[in-house]
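Report on the following structure.
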Amino acid sequence: MPSRRRTLLKVIILGDSGVGKTSLMNQYVNKKFSNQYKATIGADFLTKEVQFEDRLFTLQIWDTAGQERFQSLGVAFYRGADCCVLVYDVNSMKSFDNLNNWREEFLIQASPSDPENFPFVVIGNKIDIDGGNSRVVSEKKARAWCASKGNIPYFETSAKEGINVEEAFQCIAKNALKSGEEEELYLPDTIDVGNSSQPRATGCEC
Amino acid sequence: MLESEVHDLSDDADYAASQQQGSASMMLRSDSTKNSPREGAEIVFMKENVAIHPTQFASERISGRLKLIKQSSSLFMTWIPYKGHSSEARLSDDERNLYTIKAVSFTEIRSIRRHTPALAWPYIIVVLSSGLAYPPLYFYSGGVKEFLATIKQHVLLVRSEEDANVFLVNDFQNTLQRTLSSLELPRAVPIACGPSNLSVDESVLNENQGRADNDVNNGSFSATQFPGRPSHKVDPARDLSIHVLEKFSLVTKFARETTSQLFGENHSNGFSERRTHIRNNLDHPRKSSHAEEKTSDESCVALDSQEFENLSLVWGKPRQPPLGSSEWIIFLDSEGRVTDSEALRKRVFYGGLDHDLRNEVWGLLLGYYPYESTYAEREFQKSVKKSEYENIKNQWQSISSAQAKRFTKFRERKGLIEKDVVRTDRSIPFYEGDDNPNVNILRDILLTYSFYNFDLGYCQGMSDLLSPILFVMDDESEAFWCFVALMERLGPNFNRDQNGMHSQLFALSKLVELLDSPLHNYFKQRDCLNYFFCFRWILIQFKREFEYEKTMRLWEVLWTHYPSEHLHLYLCVAILNRYRGKIIREEMDFDTLLKFINELSGHIDLDASLRDAEALCICAGENGAACIPPGTPPSLPLDDGSFYALQDENLWAALKRTSRHSPYPSQNTLLGFTPDPEPVSPVAFLASSLQSAVGASRSAVGDAPAFSLFQARGRLA
């Protein structure tokens, strides 16, 4: 029953206003960077086909408004997420400090079935700025925080230069897929009820 | 022309004759004597002072005479507006004519709903068997009871079992049969194309058409629709089409759509062709009629179902050219006061402003300058406000770096604003390029505003709202104060609790339920009733959906509050309706819907959508207004704090419990048309209106499909 396997992976990008969420998404999906992105109002998403072990998935990447005031909308957008990406700007301490708020807010609003093990990925963006001289959040500090939150994978990127973006999203996709499959184990048969064909073991390849 | 003619109200024939003389644009009127049932007709009921309210403003009403006429065995209803009534000077003749009800036969009427609110004038809503309804008819001199009693003497009239205020007309056939029979009007579809099967007016239609064609050929009329507007030539073909549309839209629009559904879209080319022609006429008013012909010939070849779908409502009023400076001065007295602000607002509503005028008029539309201010007073205010602005600006400019270090909120706010202004409209020449001083002004104004309104502070989206204002005003202080005026109304969009947005999204869901129930049902089924996909539209007034010039046009139109303060919500409904077929056909869910809506940006036909929105707004009437909670932006917030509390706790709780019945009162019924000028206390207002609102919403969603324009179309699809 391969058609029953999930092929859509939903990823939510969160983080303070102006840390580069839209830019990261566009760099990954369209390999483009623009200085002229407008502040995101509401939400939007892009999709990208990704391949894992001979299987194709659609990665649906959600870009949301960064201002806290719009967080109450999250409940509509976060639903069904498979992975959450927390982005901060390495040149802004506040954006780093806020990661915890974003993480908690996400867990409240998305209410995933297993919050302890829900996959997050943290991205420190804008490492290109000023050759790294204006950086205020050290990699060490960021990694320490990630470790304290259950070993969240951590990447440092430049959406502008395209540095490390692909790698970060590879990891994001992998984690989303893992999360999706775990979820799938919970209700494989309910989905198949009413199907006339004989029930078979999940994972059967046809 | 206008109201200068002597009014002879004695007789419809005289009325028609005076109309005929009055203006060539009234040409369809010339046959109106024929519309009245002819020989052997007997007037069995007549009532004066029966009025229609074309807008939500109680002051704007069209009064007329309601008659029941019996001819042989048939009963007809007519409502003819008075000509040139003094209290209605603002209304154009076209507007008056638009609402005229000419000899509608009771065989076409499905039901009559009676409303007798305790605090307002009684009114009725006549629903046609097509599902369309005429606007509410208000009986300013009473007489609803006699009206119904008279009908009962001549046709079968029974009370609905479900609602004692609904009277069903000739309800002896089963509903499906009736619906189908009312749809068998394939030839009535293209009004201008040929004979019609519509029961009463067949010959009249043809004659009108013939006559109109003659006039077109003669090219012999001009439009003088607005007070004081210099009469200028317009394309006669355009006015013809508009006129035809306006006259018959009520009855035919529905028939057109449903017949095309019934008979398959491929079979409807003759009609589509005509509609395209009409549409072209509306869209390109300056083309010659020869060019028009050509366009329509070409486009009919390419017509497909997709295109057909795009030609949804066509019966909103035509858009006009923007108000220019020569016409503008006519609205002003010698000292610069706007003598008739409503006429101005109306004019701007239908055409917008020439760009050069925006600088002068936006301040008035936004309420920064009073309409009754003189040139001198405005200059004075400008200078006073300038120093006031400088004072507020100085509050943050004087913050030293040492102080800023200890002022996190200020630093954060400034940082947020700085991040946003550099990504606001940078492709517009005015904000283009590195170190553009206008970007800094944008920042300064927003930061100053966040001190002026410290509680609200800065929120994303504000820079989008300010950008065109600064561009137009081109003066820091003036832009600031215009922005302040705008934020008086839109500020709640940015509230921390998002209540302004939520009340608008809620109102939108109610309006879609009222006006496009198939779409509503679809959204419901797909769990999309939160309408978050329209969030961006509403938050920043469609700023991201149109190019810059179009945004400015839309905003000045919305700021007139002409047909409704909440026209933007009707605009949402209009756009959604335009794409309803696609949304449902492609089975869009929340995600794909959001994506689809976001990607509509840059592809929305503003003028056509505005026409639809206006039509929807008028059509929804007070049922539409009842969908919108009091105080919903851009309405000014309610003054009474206790009412706010009530709204927060009780109404929203009620809203969660039931989404079917709007708990919101109809402002029109209870306040707008109250004979007593005393304001109703908010609590009494709420209590009494809860009942009537439930009734109103029942009429909308329950038994009588009043105003559910698109209902049948969806059912048949």
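Going through the structure tokens in order, the chains are called A, B, and so on, while each chain numbers its residues from 1 and the ligands are numbered from 1 in the order shown.
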
Set the distance at 12 Å and use only C-alpha atoms: which residues neighbour Lys419 (chain B) once local chain neighbours fewer than 2 positions away are removed? I'd like the list as a PyMOL selection string.
(chain A and resi 16-20+35-39+66-67) or (chain B and resi 412-417+421-424+439-440+442-443+446+458-460+463)

Residues of chain B within 9 Å of chain A: nearest atom pair and distance (Å, one decimal) for each, counting only C-alpha atoms, sorted by chain and number, as CSV?
```
residue,atom,partner,partner_atom,distance
B:Glu412,CA,A:Lys94,CA,9.0
B:Leu416,CA,A:Ser17,CA,7.3
B:Lys419,CA,A:Gly18,CA,6.3
B:Asp420,CA,A:Ala39,CA,6.5
B:Val422,CA,A:Gln36,CA,8.2
B:Arg423,CA,A:Lys38,CA,5.2
B:Thr424,CA,A:Lys38,CA,6.2
B:Asp425,CA,A:Lys38,CA,7.9
B:Arg426,CA,A:Gln36,CA,6.8
B:Ser427,CA,A:Gln36,CA,7.9
B:Cys459,CA,A:Gln67,CA,7.4
B:Gln460,CA,A:Gln67,CA,6.9
B:Gly461,CA,A:Ile41,CA,7.1
B:Phe494,CA,A:Arg69,CA,7.7
B:Asn495,CA,A:Arg69,CA,7.7
B:Arg496,CA,A:Arg69,CA,5.3
B:Asp497,CA,A:Arg69,CA,7.5
B:Gln498,CA,A:Arg69,CA,7.6
B:Asn530,CA,A:Ala76,CA,8.3
B:Phe532,CA,A:Ala76,CA,7.7
B:Phe533,CA,A:Gly42,CA,8.0
B:Cys534,CA,A:Gly42,CA,8.7
B:Phe535,CA,A:Gly42,CA,6.1
B:Arg536,CA,A:Gly42,CA,5.8
B:Leu539,CA,A:Ile41,CA,8.2
B:Ile540,CA,A:Ile41,CA,8.8
B:Phe590,CA,A:Ala76,CA,9.0
B:Asp591,CA,A:Phe45,CA,8.5
B:Leu594,CA,A:Asp44,CA,7.2
B:Lys595,CA,A:Asp44,CA,6.5
B:Asn598,CA,A:Asp44,CA,7.2
```

For the selection you just gave me, I'd like the residues written to a file as a compact mmCIF listing (two decimals), in the first residue's frame, keeping N, CA, C and O atoms.
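Saved file out.txt follows:
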```txt
# COMPACT_ATOMS: atom_id res chain seq x y z
N GLU B 412 13.73 48.27 20.87
CA GLU B 412 13.08 47.20 20.11
C GLU B 412 12.15 47.76 19.04
O GLU B 412 12.13 47.30 17.91
N LEU B 416 12.52 47.30 15.06
CA LEU B 416 11.48 46.67 14.26
C LEU B 416 11.07 47.58 13.09
O LEU B 416 10.93 47.14 11.94
N LYS B 419 13.79 47.74 10.49
CA LYS B 419 13.80 46.53 9.67
C LYS B 419 12.71 46.57 8.60
O LYS B 419 12.89 46.05 7.50
N ASP B 420 11.59 47.16 8.95
CA ASP B 420 10.46 47.13 8.03
C ASP B 420 10.51 48.23 6.97
O ASP B 420 10.13 48.00 5.82
N VAL B 422 12.96 49.52 5.48
CA VAL B 422 13.88 49.24 4.38
C VAL B 422 13.35 48.16 3.45
O VAL B 422 13.94 47.90 2.40
N ARG B 423 12.26 47.54 3.84
CA ARG B 423 11.67 46.56 2.91
C ARG B 423 10.22 46.93 2.58
O ARG B 423 9.38 46.07 2.39
N THR B 424 9.95 48.20 2.59
CA THR B 424 8.61 48.65 2.23
C THR B 424 8.64 49.40 0.89
O THR B 424 9.24 50.47 0.80
N ASP B 425 8.03 48.81 -0.09
CA ASP B 425 7.85 49.47 -1.39
C ASP B 425 9.14 50.04 -1.98
O ASP B 425 9.12 51.11 -2.61
N ARG B 426 10.22 49.33 -1.84
CA ARG B 426 11.49 49.86 -2.33
C ARG B 426 11.59 49.85 -3.85
O ARG B 426 12.51 50.43 -4.42
N SER B 427 10.65 49.17 -4.49
CA SER B 427 10.70 49.18 -5.95
C SER B 427 9.97 50.39 -6.52
O SER B 427 10.05 50.67 -7.72
N CYS B 459 3.39 47.94 14.62
CA CYS B 459 3.10 46.57 14.23
C CYS B 459 3.31 46.43 12.74
O CYS B 459 3.04 47.36 11.97
N GLN B 460 3.80 45.27 12.35
CA GLN B 460 4.02 45.05 10.92
C GLN B 460 2.73 45.24 10.16
O GLN B 460 1.68 44.79 10.59
N GLY B 461 2.86 45.86 9.02
CA GLY B 461 1.68 46.21 8.24
C GLY B 461 1.47 47.72 8.26
O GLY B 461 0.99 48.30 7.29
N PHE B 494 -4.38 46.03 14.51
CA PHE B 494 -3.05 45.72 15.03
C PHE B 494 -3.05 45.48 16.54
O PHE B 494 -2.00 45.40 17.15
N ASN B 495 -4.22 45.42 17.11
CA ASN B 495 -4.30 45.18 18.55
C ASN B 495 -3.60 43.88 18.92
O ASN B 495 -3.58 42.93 18.14
N ARG B 496 -3.06 43.88 20.12
CA ARG B 496 -2.34 42.68 20.55
C ARG B 496 -3.25 41.46 20.57
O ARG B 496 -2.83 40.37 20.24
N ASP B 497 -4.49 41.67 20.97
CA ASP B 497 -5.39 40.50 21.01
C ASP B 497 -6.02 40.22 19.64
O ASP B 497 -6.80 39.29 19.51
N GLN B 498 -5.66 41.03 18.66
CA GLN B 498 -6.15 40.79 17.29
C GLN B 498 -7.67 40.86 17.18
O GLN B 498 -8.24 40.31 16.25
N ASN B 530 -12.30 30.01 9.40
CA ASN B 530 -11.58 31.08 10.10
C ASN B 530 -11.16 32.20 9.14
O ASN B 530 -10.77 33.28 9.57
N PHE B 532 -8.63 32.82 7.61
CA PHE B 532 -7.28 33.37 7.74
C PHE B 532 -6.61 33.61 6.39
O PHE B 532 -5.68 34.39 6.29
N PHE B 533 -7.11 32.94 5.39
CA PHE B 533 -6.52 33.17 4.07
C PHE B 533 -6.81 34.57 3.55
O PHE B 533 -6.21 35.01 2.58
N CYS B 534 -7.74 35.25 4.19
CA CYS B 534 -8.01 36.65 3.81
C CYS B 534 -7.34 37.65 4.75
O CYS B 534 -7.60 38.84 4.67
N PHE B 535 -6.51 37.14 5.63
CA PHE B 535 -5.91 37.98 6.66
C PHE B 535 -5.15 39.17 6.06
O PHE B 535 -5.34 40.32 6.47
N ARG B 536 -4.33 38.89 5.10
CA ARG B 536 -3.52 39.96 4.51
C ARG B 536 -4.39 41.00 3.80
O ARG B 536 -4.13 42.19 3.88
N LEU B 539 -5.89 43.07 6.77
CA LEU B 539 -4.97 43.77 7.67
C LEU B 539 -4.48 45.06 7.04
O LEU B 539 -4.42 46.10 7.69
N ILE B 540 -4.09 44.99 5.78
CA ILE B 540 -3.50 46.18 5.16
C ILE B 540 -4.29 46.63 3.94
O ILE B 540 -3.74 47.20 3.00
N PHE B 590 -7.40 24.21 3.11
CA PHE B 590 -6.90 25.44 3.72
C PHE B 590 -5.55 25.87 3.13
O PHE B 590 -5.36 27.03 2.76
N ASP B 591 -4.65 24.92 3.01
CA ASP B 591 -3.31 25.25 2.53
C ASP B 591 -3.33 25.77 1.10
O ASP B 591 -2.79 26.84 0.80
N LEU B 594 -5.01 29.16 0.79
CA LEU B 594 -4.15 30.27 1.22
C LEU B 594 -3.14 30.60 0.13
O LEU B 594 -2.92 31.76 -0.21
N LYS B 595 -2.57 29.57 -0.41
CA LYS B 595 -1.58 29.76 -1.48
C LYS B 595 -2.24 30.44 -2.68
O LYS B 595 -1.69 31.38 -3.27
N ASN B 598 -2.96 34.05 -1.88
CA ASN B 598 -1.72 34.84 -1.89
C ASN B 598 -1.25 35.10 -3.32
O ASN B 598 -0.76 36.17 -3.63
```

Which of region 35-141 of chain A counts as helix (DSSP H, G or I) under DSSP, as a PyMOL selection string please?
chain A and resi 68-78+93-97+99-110+115-117+129-132+139-141

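Atom pair CA of Gln541 (chain B) / CA of Gly433 (chain B) has a distance of 26.0 Å (rounded to one decimal).
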
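For Val338 (chain B), the list of residues within 10 Å, based on only C-alpha atoms and with local chain neighbours fewer than 5 positions off taken out, reads Trp328, Ile329, Ile330, Phe331, Leu332, Asp333, Ala343, Leu344, Leu364, Pro370, Tyr371, Glu372, Ser373 and Thr374 of chain B.
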
Which of these, B:Ile428, B:Gly324, B:Tyr389, B:Pro633, has the shortest distance to Asn499 (chain B) once you count only C-alpha atoms?
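Counting only C-alpha atoms, the residue closest to Asn499 (chain B) is B:Pro633.
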
If we count only C-alpha atoms and set the cut-off at 12 Å, which residues sit around Glu105 (chain A), ignoring sequence neighbours fewer than 2 positions away in its own chain? Please answer as a VMD selection string.
chain A and resid 14 to 15 68 70 to 75 78 84 86 98 to 103 107 to 112 115

For region 563-567 of chain B: contacts at 10 Å, only C-alpha atoms, fewer than 2 positions along chain excluded, given as a PyMOL selection string
chain B and resi 54-57+345-346+349+504+507-508+557-561+569-573+610+613-618+621+624-625+628+632-636

Members of region 10-202 of chain A assigned strand (DSSP E or B) by DSSP, as a PyMOL selection string
chain A and resi 10-15+43-52+55-64+83-89+120-125+154-156+158+163

Quick one: of A:Ile127, A:Val165, A:Phe96, A:Phe106, who's nearest to Lys141 (chain A), counting only C-alpha atoms?
A:Phe96

Excluding Tyr28 (chain A) and its own-chain neighbours fewer than 4 positions away, which residues fall within 9 Å of it when counting only C-alpha atoms? Please give them as a PyMOL selection string.
chain A and resi 23-24+32+48+159+162+165-166+169

Could you state the separation of CA of Ile124 (chain B) and CA of Val144 (chain B) in Å, given to one decimal place?
7.6 Å

Separation of CA of Lys70 (chain B) and CA of His53 (chain B), in Å?
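Computing the Euclidean distance for CA of Lys70 (chain B) and CA of His53 (chain B) yields 27.2 Å.
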
Between A:Asn175, A:Thr58, A:Asn30, A:Thr47, which one has atoms that come closest to Pro153 (chain A), using only C-alpha atoms?
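Among A:Asn175, A:Thr58, A:Asn30, A:Thr47, it is A:Asn175 that comes nearest to Pro153 (chain A).
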
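The neighbours of Asp97 (chain A) here are the residues that come within 10 Å of it, using only C-alpha atoms and leaving out any residue fewer than 5 positions away in the same chain; they are Asp16, Tyr88, Ser92, Trp102, Val137, Ala142 and Trp145 of chain A.
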
Using only C-alpha atoms, pick whichever of B:Tyr522, B:Met473, B:Leu606, B:Ser467 has the shortest atom-to-atom distance to Glu586 (chain B).
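Closest to Glu586 (chain B), using only C-alpha atoms: B:Tyr522.
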
Quick one: of B:Ile101, B:Val126, B:Ala376, B:Leu148, who's nearest to Val44 (chain B), counting only C-alpha atoms?
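Ranked by minimum distance to Val44 (chain B), first place goes to B:Leu148.
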
Hey, which of A:Ser138, A:Gln51, A:Ser113, A:Ser95 ends up closest to Arg79 (chain A)? Count only C-alpha atoms.
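Using only C-alpha atoms, Arg79 (chain A) sits closest to A:Ser113.
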